[in-house]
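Report on the structure given below.
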Amino acid sequence: MASHIVGYPRMGPKRELKFALESFWDKKSTAEELEKVAADLRADIWKQMSSAGIKYIPSNTFSYYDQVLDTIAMLGAVPPRYNWTGAEIGFDTYFSMARGNASVPAMEMTKWFDTNYHFIVPELGPDVKFTYASHKAVNEYKEAKALGVETVPVLVGPFTFLSLSKPAKGVDKTFPKLSLLDKILPVYKEVIADLKAAGASTIQFDEPVLVMDLESHQLEAFVKAYSELESSLAGFHVIVETYFADVPEEAYKVLTSLKAVSGFGFDLVRGTKTLDLIKAGFPAGKFLYAGVVDGRNIWANDLAGSLTTLKELEGIVGKDKLVVSSSCSLLHTAVDLVNEPKLDKEIKSWLAFAAQKVVEVNALAKALAGQKDEEFFSANAAAQASRKSSPRVTNEAVQKAAAALRGSDHRRATNVSARLEAQQKKLSLPLLPTTTIGSFPQTLELRRVRREYKAKKITEEEYITAIKAEIKKVVDLQEDLDIDVLVHGEPERNDMVEYFGEQLSGFAFTANGWVQSYGSRCVKPPIIYGDVSRPKPMTVFWSTAAQSMTKRPMKGMLTGPVTILNWSFVRNDQPRFETCYQIALAIKDEVEDLEKAGITVIQIDEAALREGLPLRKAEHAFYLDWAVHSFRITNVGVEDTTQIHTHMCYSNFNDIIQSIIDMDADVITIENSRSDEKLLSVFREGVKYGAGIGPGVYDIHSPRIPSTEEIADRVKKMLAVLDTNILWVNPDCGLKTRKYTEVKPALQHMVVAAKLIRAEL
Ligand code: GLN
Ligand code: ZN
């Protein structure tokens, strides 16, 4: 019985790669030093898997930046603006594509399926010439071999690569991307030949696009790709790996009939429907890579449960044809639990990070082979049982309250136009009111204050004095600028999810539980392990302090339940929506406490609502239904005169506009930096939006300071489509990452622009 790992985190247990990369980019270390750190990390990972007993160990899943960018390099698909000479691609060209350089911007980055990992989007067109320009795959294979470890080179499959690409600049949007198969397959063949010459006998192609909604011409292209490669692949054991969802029936049939492929990898954690397809029929003589250990989460596997599933599968595919695997690359989970000495012992016993998942995969394989490690299995069973019965997990009152929400509806009693009228009576705002999204620049000094307070180097009193002084500064600045609805600037927050997680019950935090987001950037999601409740108010103290400094409305600032959920590791012992409802109830209490304390405008950020959208269309409606419901629950109890704002971090929302309307917020501010067109086209096409709306009038992601004229111009464009009395004027997102020298003039231009246009109305 064999074991297999789809892929492994690259960053290292203590983010060694991040620091090496950043030091290299800052010219504080050499290319050789960076390469050394990377080689050591790879060696550690291979040795760890090898000594754990994993049979199919991946190589080429390491990356200096991103595996899709590695594939772009492999195929020599470098956009012309990087002036690549055609030689083997080195750090210069590679990092220019990833991060831009002094003269050209970076390539676009987008989310890898429904994860928080971002890949570099290939820019393709009919004129792109493909050549074998990076030998990374074969080099890594040889490197492992030299260390005595036989590995499975992993390539992003040709079908997935092309499907994820976008037309290069100047290429028609309707350009048939998959028509490029003929051009890229020759390079894949060269790579395959190279791997064969180096002695590789197994090869893995990652084709996660197969789990998406596909049309028949796409499936035909997929078949064509692997039929084309068949002769080159002769003699190899070929695995096609899918993940993140079940494989739809059509795709399953097509995939499992491929002659060139001898092993199929399925995510059996998120894709339980694939299990039914396998039970209904699996090709004789082929291998099943059964992804039963979750690569997307941090929970220890229910080994007994997995073993039952695996035994059943063994009965279908045959004893020697079943391989135990991770559900997807372990890239999406934290690295090693060993580095969490401070984590509560009991909670720790419920967890498994990448290093522990490798051991789980192997333990399952051994158990199937009749060498069950009884001690390991019984420790696991005990941990599973403790998690089920632990009083820290279950809070019956919360369970009951959340269960009661399901199936019922929650809406404010009055409709939005009547509410806006009541609010206007109270707030008397000018037309085109100005506001900001919440955070103000986080200076080094501010970070130091928070750090010292956390480390107990300064007293609570000193901390409060320092934060209040910061709030006062931000309030004064906004009054000087003459902004209409103020914010306190969020100086007390390190992160918009962590800040709330730390104050809610049911959350745990790690010291090193980092997950790569893009390039060297990592996030450390909180772990939701139990029923969520709010022991006491979380923001009332700071919001009322801020309100006391001004007569203008001060926005209370909260993170919404869906965003807290989507940016955390979520428990897997109850449906996501139940956890979301629990968070919604906690935020609801906070909203009501803010209202009682005299806060009349409350913003509930749902920055991550869209990113939780399931991969397949058939599942969108269900998700949107409970997500939007959760948001409404948070503010269903407030007076008509309390104005509820929400904020979203993307302009790409045309497909979910009805859900956004259904959130029934009084005012929504949204990112709009890159194109007015995309956003405004929705309204031009007749979508009725009665609530207040503030499409960002300038891009906060760039240090550039927009001029008054430019902002005025954009506001006018919006007024051509939106009613005067619903439009708000605000930046795109929070100002946390900007400097005051940028923020002051930019906001000043924004306020002047709003005033100029008001005068013309
Ligand atoms: N209120 C948050 C801020 O201003 C919102 C951040 C976000 O949308 N990502 O920083
Ligand atoms: Zn935002």
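Simple scheme: letters A, B, ... for chains in structure tokens order, numbers from 1 for residues in each chain, numbers from 1 for ligands in the order shown.
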Using only C-alpha atoms and all ligand atoms, what are the residues with an atom within 8 Å of ligand 2, set out as a PyMOL selection string? chain A and resi 437+605+607+647-650+670-671+732-734
Keeping only C-alpha atoms, write the selected residues as a PDB file, in the first residue's frame.
ATOM      1  CA  ILE A 437     -12.990  53.229   4.670  1.00  0.00           C
ATOM      2  CA  ASP A 605     -16.853  45.255   6.412  1.00  0.00           C
ATOM      3  CA  ALA A 607     -14.180  42.466   2.281  1.00  0.00           C
ATOM      4  CA  HIS A 647     -17.396  47.777   2.434  1.00  0.00           C
ATOM      5  CA  MET A 648     -16.176  45.350  -0.208  1.00  0.00           C
ATOM      6  CA  CYS A 649     -12.730  45.015  -1.678  1.00  0.00           C
ATOM      7  CA  TYR A 650     -13.384  44.274  -5.309  1.00  0.00           C
ATOM      8  CA  ILE A 670     -16.591  49.383  -2.925  1.00  0.00           C
ATOM      9  CA  GLU A 671     -13.266  49.141  -4.593  1.00  0.00           C
ATOM     10  CA  ASP A 732     -11.130  52.570  -2.556  1.00  0.00           C
ATOM     11  CA  CYS A 733     -10.139  50.871   0.660  1.00  0.00           C
ATOM     12  CA  GLY A 734      -8.460  51.488   4.011  1.00  0.00           C
TER      13      GLY A 734
END
Members of range 283-481 of chain A assigned helix (DSSP H, G or I) by DSSP, as a PyMOL selection string: chain A and resi 303-317+319-321+330-332+337-339+345-349+354-368+374-389+396-405+416-427+444-454+460-481
Using DSSP assignments from the backbone, pull out every residue in range 283-430 of chain A that falls under strand (DSSP E) and give it to me as a count of residues only. 12
Produce a table with one row for each residue of chain A that has an atom at most 12 Å from any atom of ligand 1, each row naming the nearest atom pair and its distance in Å at one decimal; use only C-alpha atoms and all ligand atoms; arrange rows by chain and rising residue number; format as a Markdown table.
| residue | atom | partner | partner_atom_place_in_ligand_line | distance |
| --- | --- | --- | --- | --- |
| A:Thr435 | CA | ligand 1 | 4 (O) | 11.1 |
| A:Thr436 | CA | ligand 1 | 4 (O) | 7.6 |
| A:Ile437 | CA | ligand 1 | 4 (O) | 4.5 |
| A:Gly438 | CA | ligand 1 | 4 (O) | 3.5 |
| A:Ser439 | CA | ligand 1 | 4 (O) | 3.8 |
| A:Phe440 | CA | ligand 1 | 4 (O) | 7.2 |
| A:Pro441 | CA | ligand 1 | 10 (O) | 9.3 |
| A:Gln442 | CA | ligand 1 | 10 (O) | 10.0 |
| A:Leu486 | CA | ligand 1 | 4 (O) | 11.9 |
| A:Val487 | CA | ligand 1 | 4 (O) | 9.0 |
| A:His488 | CA | ligand 1 | 4 (O) | 10.0 |
| A:Gly489 | CA | ligand 1 | 4 (O) | 7.5 |
| A:Glu490 | CA | ligand 1 | 10 (O) | 7.4 |
| A:Pro491 | CA | ligand 1 | 10 (O) | 9.9 |
| A:Glu492 | CA | ligand 1 | 10 (O) | 11.5 |
| A:Arg493 | CA | ligand 1 | 10 (O) | 9.1 |
| A:Asn494 | CA | ligand 1 | 10 (O) | 9.7 |
| A:Asp495 | CA | ligand 1 | 10 (O) | 8.2 |
| A:Met496 | CA | ligand 1 | 2 (C) | 6.5 |
| A:Val497 | CA | ligand 1 | 9 (N) | 9.7 |
| A:Tyr499 | CA | ligand 1 | 2 (C) | 11.5 |
| A:Lys555 | CA | ligand 1 | 1 (N) | 10.2 |
| A:Gly556 | CA | ligand 1 | 1 (N) | 9.9 |
| A:Met557 | CA | ligand 1 | 1 (N) | 6.5 |
| A:Leu558 | CA | ligand 1 | 1 (N) | 7.4 |
| A:Thr559 | CA | ligand 1 | 1 (N) | 7.4 |
| A:Gly560 | CA | ligand 1 | 1 (N) | 10.3 |
| A:Thr563 | CA | ligand 1 | 9 (N) | 9.5 |
| A:Ile564 | CA | ligand 1 | 9 (N) | 11.4 |
| A:Trp567 | CA | ligand 1 | 9 (N) | 11.0 |
| A:Ile602 | CA | ligand 1 | 1 (N) | 11.0 |
| A:Gln603 | CA | ligand 1 | 1 (N) | 8.0 |
| A:Ile604 | CA | ligand 1 | 1 (N) | 8.2 |
| A:Asp605 | CA | ligand 1 | 5 (C) | 6.2 |
| A:Glu606 | CA | ligand 1 | 8 (O) | 7.3 |
| A:Ala607 | CA | ligand 1 | 8 (O) | 4.8 |
| A:Ala608 | CA | ligand 1 | 9 (N) | 8.0 |
| A:Leu609 | CA | ligand 1 | 8 (O) | 10.7 |
| A:His645 | CA | ligand 1 | 1 (N) | 10.8 |
| A:Thr646 | CA | ligand 1 | 1 (N) | 9.3 |
| A:His647 | CA | ligand 1 | 8 (O) | 6.2 |
| A:Met648 | CA | ligand 1 | 8 (O) | 6.0 |
| A:Cys649 | CA | ligand 1 | 8 (O) | 5.3 |
| A:Tyr650 | CA | ligand 1 | 8 (O) | 9.0 |
| A:Ile668 | CA | ligand 1 | 8 (O) | 11.7 |
| A:Thr669 | CA | ligand 1 | 8 (O) | 9.5 |
| A:Ile670 | CA | ligand 1 | 8 (O) | 8.7 |
| A:Glu671 | CA | ligand 1 | 8 (O) | 8.6 |
| A:Gly696 | CA | ligand 1 | 8 (O) | 11.6 |
| A:Ile700 | CA | ligand 1 | 4 (O) | 10.6 |
| A:His701 | CA | ligand 1 | 9 (N) | 11.1 |
| A:Asn730 | CA | ligand 1 | 4 (O) | 11.3 |
| A:Pro731 | CA | ligand 1 | 4 (O) | 9.8 |
| A:Asp732 | CA | ligand 1 | 8 (O) | 8.6 |
| A:Cys733 | CA | ligand 1 | 8 (O) | 5.5 |
| A:Gly734 | CA | ligand 1 | 4 (O) | 3.1 |
| A:Leu735 | CA | ligand 1 | 4 (O) | 6.2 |
| A:Lys736 | CA | ligand 1 | 10 (O) | 5.8 |
| A:Thr737 | CA | ligand 1 | 10 (O) | 8.7 |
| A:Arg738 | CA | ligand 1 | 10 (O) | 10.8 |
Filtering to C-alpha atoms, could you give me those residues as a PDB file, in the first residue's frame?
ATOM      1  CA  THR A 435     -15.888  59.481   4.107  1.00  0.00           C
ATOM      2  CA  THR A 436     -13.000  57.003   4.282  1.00  0.00           C
ATOM      3  CA  ILE A 437     -12.990  53.229   4.670  1.00  0.00           C
ATOM      4  CA  GLY A 438     -11.619  52.966   8.186  1.00  0.00           C
ATOM      5  CA  SER A 439      -7.905  52.621   8.693  1.00  0.00           C
ATOM      6  CA  PHE A 440      -5.391  55.471   8.603  1.00  0.00           C
ATOM      7  CA  PRO A 441      -1.652  55.019   8.058  1.00  0.00           C
ATOM      8  CA  GLN A 442      -0.063  52.622  10.509  1.00  0.00           C
ATOM      9  CA  LEU A 486     -15.327  60.319  10.241  1.00  0.00           C
ATOM     10  CA  VAL A 487     -13.468  57.167  11.257  1.00  0.00           C
ATOM     11  CA  HIS A 488     -11.222  56.584  14.233  1.00  0.00           C
ATOM     12  CA  GLY A 489      -8.451  55.140  12.054  1.00  0.00           C
ATOM     13  CA  GLU A 490      -8.229  51.630  13.587  1.00  0.00           C
ATOM     14  CA  PRO A 491      -4.873  52.236  15.324  1.00  0.00           C
ATOM     15  CA  GLU A 492      -5.598  49.504  17.876  1.00  0.00           C
ATOM     16  CA  ARG A 493      -5.935  46.835  15.183  1.00  0.00           C
ATOM     17  CA  ASN A 494      -3.221  44.736  13.752  1.00  0.00           C
ATOM     18  CA  ASP A 495      -5.516  42.890  11.401  1.00  0.00           C
ATOM     19  CA  MET A 496      -9.221  43.207  10.731  1.00  0.00           C
ATOM     20  CA  VAL A 497      -9.979  39.543  11.504  1.00  0.00           C
ATOM     21  CA  TYR A 499      -8.597  41.847  16.227  1.00  0.00           C
ATOM     22  CA  LYS A 555     -18.383  55.400  12.139  1.00  0.00           C
ATOM     23  CA  GLY A 556     -18.275  52.334  14.337  1.00  0.00           C
ATOM     24  CA  MET A 557     -16.045  49.860  12.539  1.00  0.00           C
ATOM     25  CA  LEU A 558     -16.611  46.111  12.509  1.00  0.00           C
ATOM     26  CA  THR A 559     -15.574  43.134  10.423  1.00  0.00           C
ATOM     27  CA  GLY A 560     -18.529  41.153   9.122  1.00  0.00           C
ATOM     28  CA  THR A 563     -15.162  37.890   6.181  1.00  0.00           C
ATOM     29  CA  ILE A 564     -14.165  36.577   9.600  1.00  0.00           C
ATOM     30  CA  TRP A 567     -10.181  34.484   6.477  1.00  0.00           C
ATOM     31  CA  ILE A 602     -21.786  51.589  11.815  1.00  0.00           C
ATOM     32  CA  GLN A 603     -19.712  50.015   9.078  1.00  0.00           C
ATOM     33  CA  ILE A 604     -19.609  46.235   8.842  1.00  0.00           C
ATOM     34  CA  ASP A 605     -16.853  45.255   6.412  1.00  0.00           C
ATOM     35  CA  GLU A 606     -17.448  42.274   4.181  1.00  0.00           C
ATOM     36  CA  ALA A 607     -14.180  42.466   2.281  1.00  0.00           C
ATOM     37  CA  ALA A 608     -14.089  38.726   1.674  1.00  0.00           C
ATOM     38  CA  LEU A 609     -17.698  37.927   0.886  1.00  0.00           C
ATOM     39  CA  HIS A 645     -22.455  50.795   5.949  1.00  0.00           C
ATOM     40  CA  THR A 646     -20.615  47.906   4.412  1.00  0.00           C
ATOM     41  CA  HIS A 647     -17.396  47.777   2.434  1.00  0.00           C
ATOM     42  CA  MET A 648     -16.176  45.350  -0.208  1.00  0.00           C
ATOM     43  CA  CYS A 649     -12.730  45.015  -1.678  1.00  0.00           C
ATOM     44  CA  TYR A 650     -13.384  44.274  -5.309  1.00  0.00           C
ATOM     45  CA  ILE A 668     -21.946  50.395   0.476  1.00  0.00           C
ATOM     46  CA  THR A 669     -18.423  51.470  -0.378  1.00  0.00           C
ATOM     47  CA  ILE A 670     -16.591  49.383  -2.925  1.00  0.00           C
ATOM     48  CA  GLU A 671     -13.266  49.141  -4.593  1.00  0.00           C
ATOM     49  CA  GLY A 696     -13.807  54.348  -4.628  1.00  0.00           C
ATOM     50  CA  ILE A 700      -5.155  53.453  -2.430  1.00  0.00           C
ATOM     51  CA  HIS A 701      -2.940  50.551  -3.503  1.00  0.00           C
ATOM     52  CA  ASN A 730     -14.504  57.948  -0.657  1.00  0.00           C
ATOM     53  CA  PRO A 731     -11.237  56.176  -1.443  1.00  0.00           C
ATOM     54  CA  ASP A 732     -11.130  52.570  -2.556  1.00  0.00           C
ATOM     55  CA  CYS A 733     -10.139  50.871   0.660  1.00  0.00           C
ATOM     56  CA  GLY A 734      -8.460  51.488   4.011  1.00  0.00           C
ATOM     57  CA  LEU A 735      -5.401  53.752   4.159  1.00  0.00           C
ATOM     58  CA  LYS A 736      -3.399  51.531   6.493  1.00  0.00           C
ATOM     59  CA  THR A 737      -0.536  50.820   4.103  1.00  0.00           C
ATOM     60  CA  ARG A 738      -0.109  54.399   2.878  1.00  0.00           C
TER      61      ARG A 738
END
Option closest in space to Ala397 in chain A, from A:Lys678, A:Leu147, A:Val532, A:Asn101 [counting only C-alpha atoms]: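 Answer, going by the shortest atom-to-atom distance: A:Val532.
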Which residue gives the smallest distance to Val682 in chain A among A:Phe653, A:Tyr188, A:Tyr94, A:Phe353, with only C-alpha atoms counted?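 For Val682 in chain A, the nearest of the given residues is A:Phe653.
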Please indicate the distance in Å from CA of Ser707 in chain A to CA of Gly170 in chain A, rounded to one decimal place.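 Straight-line distance from CA of Ser707 in chain A to CA of Gly170 in chain A works out to 28.9 Å.
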